[in-house]
Amino acid sequence: MSQRIVEAEQAKKRRTAKNKLTAHRGMATWGEKLVPLGDFRRVVQEHGQTLSAEHRRGAVRDFLHPTGDPTPVEGPYSRVAVFGGVYNNSHGLSALIEDATRRGAEAIYCLGDLGGFGPNPEKVWPLLEEGGVRSIQGNYEESLATGREDCNCGYADPRDNYFAEISYRYTAQHCSDAFKRWMGTLPRRRRLRVGDRELLLVHGSPRRINEFLFQSATPVPFLEVLLDQEGCDGLLCTHTGLHWHRRLPSGRDVVNVGVIGRPANDGRTEVWYSILSEAGDDIEVELVPLAYDHEALAREMRAEELPREFVETILTGWWTTCLEILPANERAASRF
Amino acid sequence: MLLENLALTAEQQVASPTVDLHSLDTLWFQVAGTVCNLACSHCFISCSPTNHTHEHMPLSQVEEALAEAVELGVKEYYFTGGEPFLNREMEAILEATLRVGPATVLTNGLLLDPERCRRLAAMAKASDYSLDLRISLDGYSAEANDPIRGEGTFARILEGARNAAAAGLNPVMTVTEVHQENASAEGRLRFLDLLRERGIERPRLKVLPVFQIGAEAERSGAYETWQQLGESDAPEGSWDHLQCSSCRMVTDQGVWVCPILVNEPGGRMGERLADTLGGFELDHQACWTCHVHGVSCRT
Ligand code: SF4
Ligand code: SF4
């Protein structure tokens with residue numbers, strides 16, 4: 001292109017840019033068209049409905065209807081241990097069963113995600129059976145049992161998904177069909193009574209198996225509505241890998257019980273689980289750090305040629321993947 | 001002008017499927033209306049300094065919607081425009097929001113001066129909930145970005161991002177998929193390197209598809225007529241993957257189904273949130289892009 005044509009092109013571009021800045025004076029953009037502002041405003045008011053105050057109350061009531069969950073209630077217990085995210089970490093699982101038993105847990109519950117991240121998935125199965133652990137399905141169990149192509153973890157970032165795929169492929173290849181079938185028999189949710197509190201146990205959230213409930217992105221009003229709809233006194237979940245506990249203004253508890261498969265992105269090598277105990281007519285929630293032989297786990301991961309990034313997390317306590325899904329506060333607390 | 005002709009488009013003549021609102025998780029605010037300090041060529045609602053199709057929302061209007069949202073159990077709040085920080089009450093609006101839930105602001109970054117960033121960081125620190133900034137860019141160089149966003153914007157946007165990061169508000173950079181290379185792994189890595197070079201230690205990045213309506217239609221040619229949804233397009237018989245199954249958009253002119261259809265009168269569902277808890281008919285062609293690209297607002 002000759003210099004003159006280039007210059008003409010540029011001048012035209014500048015003119016269009018300038019037109020764009022003033023083009024809308026007195027006009028409204030209706031899809032791809034420009035119409036007089038008053039016309040748009042008038043037509044807009046003809047769309048949608050305006051209900052009476054009474055009908056609005058009715059609409060909100062209908063919208064927030066109770067789910068009527070028929071799940072049978074287990075217990076009552078006075079003390080239980082609850083954990084999630086084994087991620088193939090058999091070392092962590094043995095340590096957990098020992099620690100929870102020592103602390104007097106009458107029952108041990110697992111909220112799913114047995115596989116992923118770590119080595120030799122099949123080792124976890126006998127430990128769960130011998131320890132009498134009662135599990136529900138996480139997205140990992142659902143995916144493995146139904147032969148899905150991916151773990152359905154719910155990441156959006158390409159690098160996070162790349163590592164998630166490595167984990168899933170490895171776990172799927174090293175799991176027996178019998179183990180996968182067993183995973184498919186696990187329930188999606190459980191209910192249990194601790195003291196006089198009825199707790200709902202789910203993997204991600206009561207709505208979706210892979211919904212992330214991070215502390216800084218899960219507001220109180222949202223949780224109050226959710227617990228009202230589910231008709232429970234407490235909600236226990238996992239999936240994010242980060243533990244937290246919040247007592248709601250209504251006096252009910254929401255606990256992300258943590259995961260025992262990898263550290264909580266806090267620079268510590270311990271993993272986390274939860275103990276819930278009856279305390280008079282109240283309930284006590286303890287988030288428990290759990291030390292285990294993380295060096296043995298790291299050795300096993302190296303022997304299985306799992307990504308260096310995963311081994312680093314086990315040894316340092318800092319996440320190297322799954323970071324893009326974190327909300328601002330959780331991300332600010334991470335090292336990478 | 002014959003408004004009737006505009007209202008009756010071809011795809012409305014075939015029956016469109018209806019998407020139910022299964023829960024109101026995400027509440028959007030068109031907080032700066034369609035008024036923007038830029039006029040990007042791909043802006044899907046054609047915002048500009050003179051586009052007053054939607055106006056700024058006053059704090060009182062936002063507070064009214066927040067009160068309803070609390071009762072309905074909303075999980076997250078998103079603010080967009082136009083440019084949200086053109087709204088003089090924006091910081092008060094964020095403060096009110098952060099009392100009840102996490103907030104995300106979609107901004108072009110031009111108004112993120114160090115002072116404002118410090119105030120926002122203090123506000124975020126005082127809240128239990130996250131404040132996320134999403135800053136839009138269209139490429140990893142001025143050559144790629146500026147023809148779309150305007151001359152000199154690349155440098156100014158990065159300056160805003162750097163101010164935010166320096167104040168401790170690590171922003172998410174959102175890149176619209178205008179240039180093919182943005183979507184590719186290589187373009188992405190180069191871009192992340194650039195952000196690190198500019199002092200943003202832990203860059204966060206999200207890539208978005210383009211909507212072929214508004215200004216974007218002029219830029220790349222509008223949709224083909226066959227690109228419209230029918231009942232049989234629903235994966236496993238459900239529309240739950242569409243954001244309109246869990247979101248609503250509040251503007252100065254009432255409540256709309258989603259952030260994409262605010263320039264279509266048919267996207268308006270009612271006056272208050274309680275008026276809009278029913279289903280919405282997917283009769284707009286932008287719904288097709290939503291369906292195919294799996295658009296979601298999550299960072
Ligand atoms: S894309 Fe964003 S910055 Fe650009 S004109 Fe539209 S609202 Fe403004
Ligand atoms: S544009 Fe997308 S989000 Fe909006 S109504 Fe259509 S499908 Fe739903």
# chains A, B, ... in the order shown; residues from 1 in each chain; ligands from 1

$ select_by_dssp --residues "region 256-297 of chain A" --states "alpha helix (DSSP H)" --output "count of residues only"
4

$ residues_near_ligand --ligand "ligand 2" --cutoff "6 Å" --atoms "only C-alpha atoms and all ligand atoms" --output "PyMOL selection string"
chain B and resi 242-244+257-258+260-261+282+286-287+290

$ residues_near_ligand --ligand "ligand 1" --cutoff "6 Å" --atoms "only C-alpha atoms and all ligand atoms" --output "list in words"
Cys36, Leu38, Ala39, Cys40, Cys43, Cys47, Ser48, Gly81, Gly82, Glu83 and Asn108 of chain B

$ write_last_selection --atoms "N, CA and C atoms" --output "tab-separated table (two decimals), in the first residue's frame"
chain	number	residue	atom	x	y	z
B	36	CYS	N	-20.13	5.83	28.70
B	36	CYS	CA	-18.74	5.37	28.85
B	36	CYS	C	-17.77	6.44	28.41
B	38	LEU	N	-15.14	5.60	26.84
B	38	LEU	CA	-14.61	5.06	25.59
B	38	LEU	C	-15.80	4.76	24.66
B	39	ALA	N	-15.48	4.40	23.42
B	39	ALA	CA	-16.51	3.96	22.48
B	39	ALA	C	-15.91	2.82	21.66
B	40	CYS	N	-15.68	1.70	22.31
B	40	CYS	CA	-14.98	0.59	21.67
B	40	CYS	C	-15.77	0.05	20.50
B	43	CYS	N	-17.99	-2.99	21.44
B	43	CYS	CA	-18.87	-2.91	22.61
B	43	CYS	C	-20.25	-3.45	22.25
B	47	CYS	N	-21.81	1.40	23.96
B	47	CYS	CA	-21.68	2.50	24.91
B	47	CYS	C	-20.77	3.59	24.36
B	48	SER	N	-21.01	4.82	24.82
B	48	SER	CA	-20.19	5.95	24.41
B	48	SER	C	-20.47	7.10	25.37
B	81	GLY	N	-21.41	-1.12	32.95
B	81	GLY	CA	-21.94	0.08	32.34
B	81	GLY	C	-21.97	-0.17	30.86
B	82	GLY	N	-21.43	0.73	30.16
B	82	GLY	CA	-20.63	1.88	30.48
B	82	GLY	C	-19.46	1.64	31.43
B	83	GLU	N	-18.92	2.74	31.89
B	83	GLU	CA	-17.82	2.67	32.82
B	83	GLU	C	-18.36	2.96	34.23
B	108	ASN	N	-13.09	-0.35	32.53
B	108	ASN	CA	-12.06	-0.25	31.50
B	108	ASN	C	-10.75	0.24	32.10

$ interface_residues --of "chain B" --to "chain A" --cutoff "6 Å" --atoms "only C-alpha atoms" --output "JSON list (two decimals) with C-alpha atoms, in the first residue's frame"
[["chain", "number", "residue", "atom", "x", "y", "z"],
["B", 48, "SER", "CA", -20.19, 5.95, 24.41],
["B", 49, "PRO", "CA", -19.95, 9.33, 26.16],
["B", 50, "THR", "CA", -23.25, 10.33, 24.54],
["B", 51, "ASN", "CA", -25.21, 7.08, 24.78],
["B", 53, "THR", "CA", -30.11, 4.69, 26.46],
["B", 70, "VAL", "CA", -31.00, -10.14, 50.35],
["B", 73, "GLY", "CA", -30.67, -15.03, 48.63],
["B", 74, "VAL", "CA", -28.46, -13.55, 45.90],
["B", 75, "LYS", "CA", -24.91, -14.99, 45.91],
["B", 101, "GLY", "CA", -22.14, -9.98, 49.50],
["B", 102, "PRO", "CA", -19.16, -10.17, 47.15],
["B", 129, "TYR", "CA", -16.51, -10.51, 51.11],
["B", 130, "SER", "CA", -14.30, -10.21, 48.04],
["B", 132, "ASP", "CA", -12.98, -8.17, 42.38],
["B", 214, "GLY", "CA", -24.67, -3.59, 18.87],
["B", 263, "ASN", "CA", -30.67, -2.71, 24.55],
["B", 264, "GLU", "CA", -33.62, -4.85, 23.53],
["B", 265, "PRO", "CA", -36.92, -3.63, 25.04],
["B", 268, "ARG", "CA", -37.10, -6.00, 30.16],
["B", 269, "MET", "CA", -39.05, -8.26, 32.55],
["B", 270, "GLY", "CA", -40.43, -5.90, 35.16],
["B", 271, "GLU", "CA", -40.12, -3.02, 37.57],
["B", 274, "ALA", "CA", -40.10, -9.78, 42.48],
["B", 275, "ASP", "CA", -41.76, -9.11, 39.09]]

$ closest_residue --among "B:Gly109, B:Arg99, B:Leu169, B:Arg190" --to "Phe154 (chain B)" --atoms "only C-alpha atoms"
B:Gly109

$ residues_around --residues "Arg248 (chain B)" --least-positions-apart "4" --cutoff "8 Å" --atoms "only C-alpha atoms" --output "list in words"
Leu24, Thr26, Leu27, Trp28, Cys244, Val255, Trp256, Val257, Cys258, Pro259 and Leu273 of chain B

$ write_last_selection --atoms "all heavy atoms" --output "PDB file, in the first residue's frame"
ATOM      1  N   LEU B  24     -31.794 -17.076  42.050  1.00  0.00           N
ATOM      2  CA  LEU B  24     -31.216 -15.791  41.667  1.00  0.00           C
ATOM      3  C   LEU B  24     -29.836 -15.672  42.315  1.00  0.00           C
ATOM      4  O   LEU B  24     -29.693 -15.156  43.411  1.00  0.00           O
ATOM      5  CB  LEU B  24     -32.140 -14.639  42.093  1.00  0.00           C
ATOM      6  CG  LEU B  24     -31.681 -13.237  41.675  1.00  0.00           C
ATOM      7  CD1 LEU B  24     -31.411 -13.161  40.183  1.00  0.00           C
ATOM      8  CD2 LEU B  24     -32.700 -12.200  42.078  1.00  0.00           C
ATOM      9  N   THR B  26     -26.822 -14.474  40.643  1.00  0.00           N
ATOM     10  CA  THR B  26     -26.013 -13.350  40.192  1.00  0.00           C
ATOM     11  C   THR B  26     -26.895 -12.168  39.871  1.00  0.00           C
ATOM     12  O   THR B  26     -27.778 -12.258  39.022  1.00  0.00           O
ATOM     13  CB  THR B  26     -25.231 -13.743  38.923  1.00  0.00           C
ATOM     14  OG1 THR B  26     -24.525 -14.957  39.199  1.00  0.00           O
ATOM     15  CG2 THR B  26     -24.238 -12.663  38.533  1.00  0.00           C
ATOM     16  N   LEU B  27     -26.660 -11.059  40.565  1.00  0.00           N
ATOM     17  CA  LEU B  27     -27.419  -9.855  40.272  1.00  0.00           C
ATOM     18  C   LEU B  27     -26.484  -8.817  39.668  1.00  0.00           C
ATOM     19  O   LEU B  27     -25.457  -8.467  40.251  1.00  0.00           O
ATOM     20  CB  LEU B  27     -28.087  -9.311  41.535  1.00  0.00           C
ATOM     21  CG  LEU B  27     -29.059  -8.160  41.271  1.00  0.00           C
ATOM     22  CD1 LEU B  27     -30.176  -8.602  40.324  1.00  0.00           C
ATOM     23  CD2 LEU B  27     -29.644  -7.645  42.569  1.00  0.00           C
ATOM     24  N   TRP B  28     -26.844  -8.373  38.466  1.00  0.00           N
ATOM     25  CA  TRP B  28     -26.062  -7.359  37.744  1.00  0.00           C
ATOM     26  C   TRP B  28     -26.682  -5.986  37.952  1.00  0.00           C
ATOM     27  O   TRP B  28     -27.895  -5.861  38.068  1.00  0.00           O
ATOM     28  CB  TRP B  28     -26.084  -7.669  36.246  1.00  0.00           C
ATOM     29  CG  TRP B  28     -25.287  -8.849  35.825  1.00  0.00           C
ATOM     30  CD1 TRP B  28     -25.670 -10.147  35.887  1.00  0.00           C
ATOM     31  CD2 TRP B  28     -23.975  -8.826  35.237  1.00  0.00           C
ATOM     32  NE1 TRP B  28     -24.671 -10.944  35.373  1.00  0.00           N
ATOM     33  CE2 TRP B  28     -23.632 -10.169  34.966  1.00  0.00           C
ATOM     34  CE3 TRP B  28     -23.065  -7.808  34.910  1.00  0.00           C
ATOM     35  CZ2 TRP B  28     -22.407 -10.516  34.385  1.00  0.00           C
ATOM     36  CZ3 TRP B  28     -21.856  -8.158  34.328  1.00  0.00           C
ATOM     37  CH2 TRP B  28     -21.534  -9.503  34.073  1.00  0.00           C
ATOM     38  N   CYS B 244     -29.023 -16.739  32.226  1.00  0.00           N
ATOM     39  CA  CYS B 244     -30.361 -16.242  32.548  1.00  0.00           C
ATOM     40  C   CYS B 244     -31.156 -17.223  33.404  1.00  0.00           C
ATOM     41  O   CYS B 244     -32.238 -16.879  33.886  1.00  0.00           O
ATOM     42  CB  CYS B 244     -31.131 -15.905  31.280  1.00  0.00           C
ATOM     43  SG  CYS B 244     -31.044 -17.213  30.045  1.00  0.00           S
ATOM     44  N   VAL B 255     -35.934  -4.020  35.636  1.00  0.00           N
ATOM     45  CA  VAL B 255     -35.180  -5.266  35.729  1.00  0.00           C
ATOM     46  C   VAL B 255     -35.240  -6.006  34.399  1.00  0.00           C
ATOM     47  O   VAL B 255     -36.318  -6.183  33.822  1.00  0.00           O
ATOM     48  CB  VAL B 255     -35.725  -6.160  36.860  1.00  0.00           C
ATOM     49  CG1 VAL B 255     -34.870  -7.410  36.997  1.00  0.00           C
ATOM     50  CG2 VAL B 255     -35.757  -5.387  38.179  1.00  0.00           C
ATOM     51  N   TRP B 256     -34.079  -6.433  33.936  1.00  0.00           N
ATOM     52  CA  TRP B 256     -33.941  -7.092  32.639  1.00  0.00           C
ATOM     53  C   TRP B 256     -33.466  -8.519  32.852  1.00  0.00           C
ATOM     54  O   TRP B 256     -32.930  -8.858  33.904  1.00  0.00           O
ATOM     55  CB  TRP B 256     -32.960  -6.307  31.747  1.00  0.00           C
ATOM     56  CG  TRP B 256     -33.401  -4.881  31.579  1.00  0.00           C
ATOM     57  CD1 TRP B 256     -33.554  -3.957  32.574  1.00  0.00           C
ATOM     58  CD2 TRP B 256     -33.806  -4.245  30.368  1.00  0.00           C
ATOM     59  NE1 TRP B 256     -34.023  -2.774  32.051  1.00  0.00           N
ATOM     60  CE2 TRP B 256     -34.178  -2.917  30.705  1.00  0.00           C
ATOM     61  CE3 TRP B 256     -33.876  -4.647  29.046  1.00  0.00           C
ATOM     62  CZ2 TRP B 256     -34.625  -2.013  29.747  1.00  0.00           C
ATOM     63  CZ3 TRP B 256     -34.307  -3.745  28.092  1.00  0.00           C
ATOM     64  CH2 TRP B 256     -34.686  -2.436  28.434  1.00  0.00           C
ATOM     65  N   VAL B 257     -33.624  -9.324  31.816  1.00  0.00           N
ATOM     66  CA  VAL B 257     -33.326 -10.742  31.972  1.00  0.00           C
ATOM     67  C   VAL B 257     -31.838 -11.014  32.200  1.00  0.00           C
ATOM     68  O   VAL B 257     -31.473 -11.882  32.997  1.00  0.00           O
ATOM     69  CB  VAL B 257     -33.853 -11.555  30.751  1.00  0.00           C
ATOM     70  CG1 VAL B 257     -33.207 -11.081  29.447  1.00  0.00           C
ATOM     71  CG2 VAL B 257     -33.611 -13.034  30.942  1.00  0.00           C
ATOM     72  N   CYS B 258     -30.968 -10.264  31.548  1.00  0.00           N
ATOM     73  CA  CYS B 258     -29.542 -10.573  31.597  1.00  0.00           C
ATOM     74  C   CYS B 258     -28.769  -9.347  31.119  1.00  0.00           C
ATOM     75  O   CYS B 258     -29.344  -8.433  30.545  1.00  0.00           O
ATOM     76  CB  CYS B 258     -29.229 -11.772  30.697  1.00  0.00           C
ATOM     77  SG  CYS B 258     -29.303 -11.377  28.936  1.00  0.00           S
ATOM     78  N   PRO B 259     -27.455  -9.313  31.317  1.00  0.00           N
ATOM     79  CA  PRO B 259     -26.690  -8.123  30.917  1.00  0.00           C
ATOM     80  C   PRO B 259     -26.569  -7.959  29.406  1.00  0.00           C
ATOM     81  O   PRO B 259     -26.239  -6.872  28.931  1.00  0.00           O
ATOM     82  CB  PRO B 259     -25.308  -8.368  31.536  1.00  0.00           C
ATOM     83  CG  PRO B 259     -25.261  -9.787  31.930  1.00  0.00           C
ATOM     84  CD  PRO B 259     -26.654 -10.272  32.073  1.00  0.00           C
ATOM     85  N   LEU B 273     -37.388  -6.766  41.239  1.00  0.00           N
ATOM     86  CA  LEU B 273     -36.942  -8.153  41.104  1.00  0.00           C
ATOM     87  C   LEU B 273     -38.092  -9.143  41.264  1.00  0.00           C
ATOM     88  O   LEU B 273     -38.176 -10.141  40.552  1.00  0.00           O
ATOM     89  CB  LEU B 273     -35.850  -8.456  42.135  1.00  0.00           C
ATOM     90  CG  LEU B 273     -34.473  -7.879  41.802  1.00  0.00           C
ATOM     91  CD1 LEU B 273     -33.518  -8.078  42.974  1.00  0.00           C
ATOM     92  CD2 LEU B 273     -33.907  -8.519  40.542  1.00  0.00           C
TER      93      LEU B 273
END
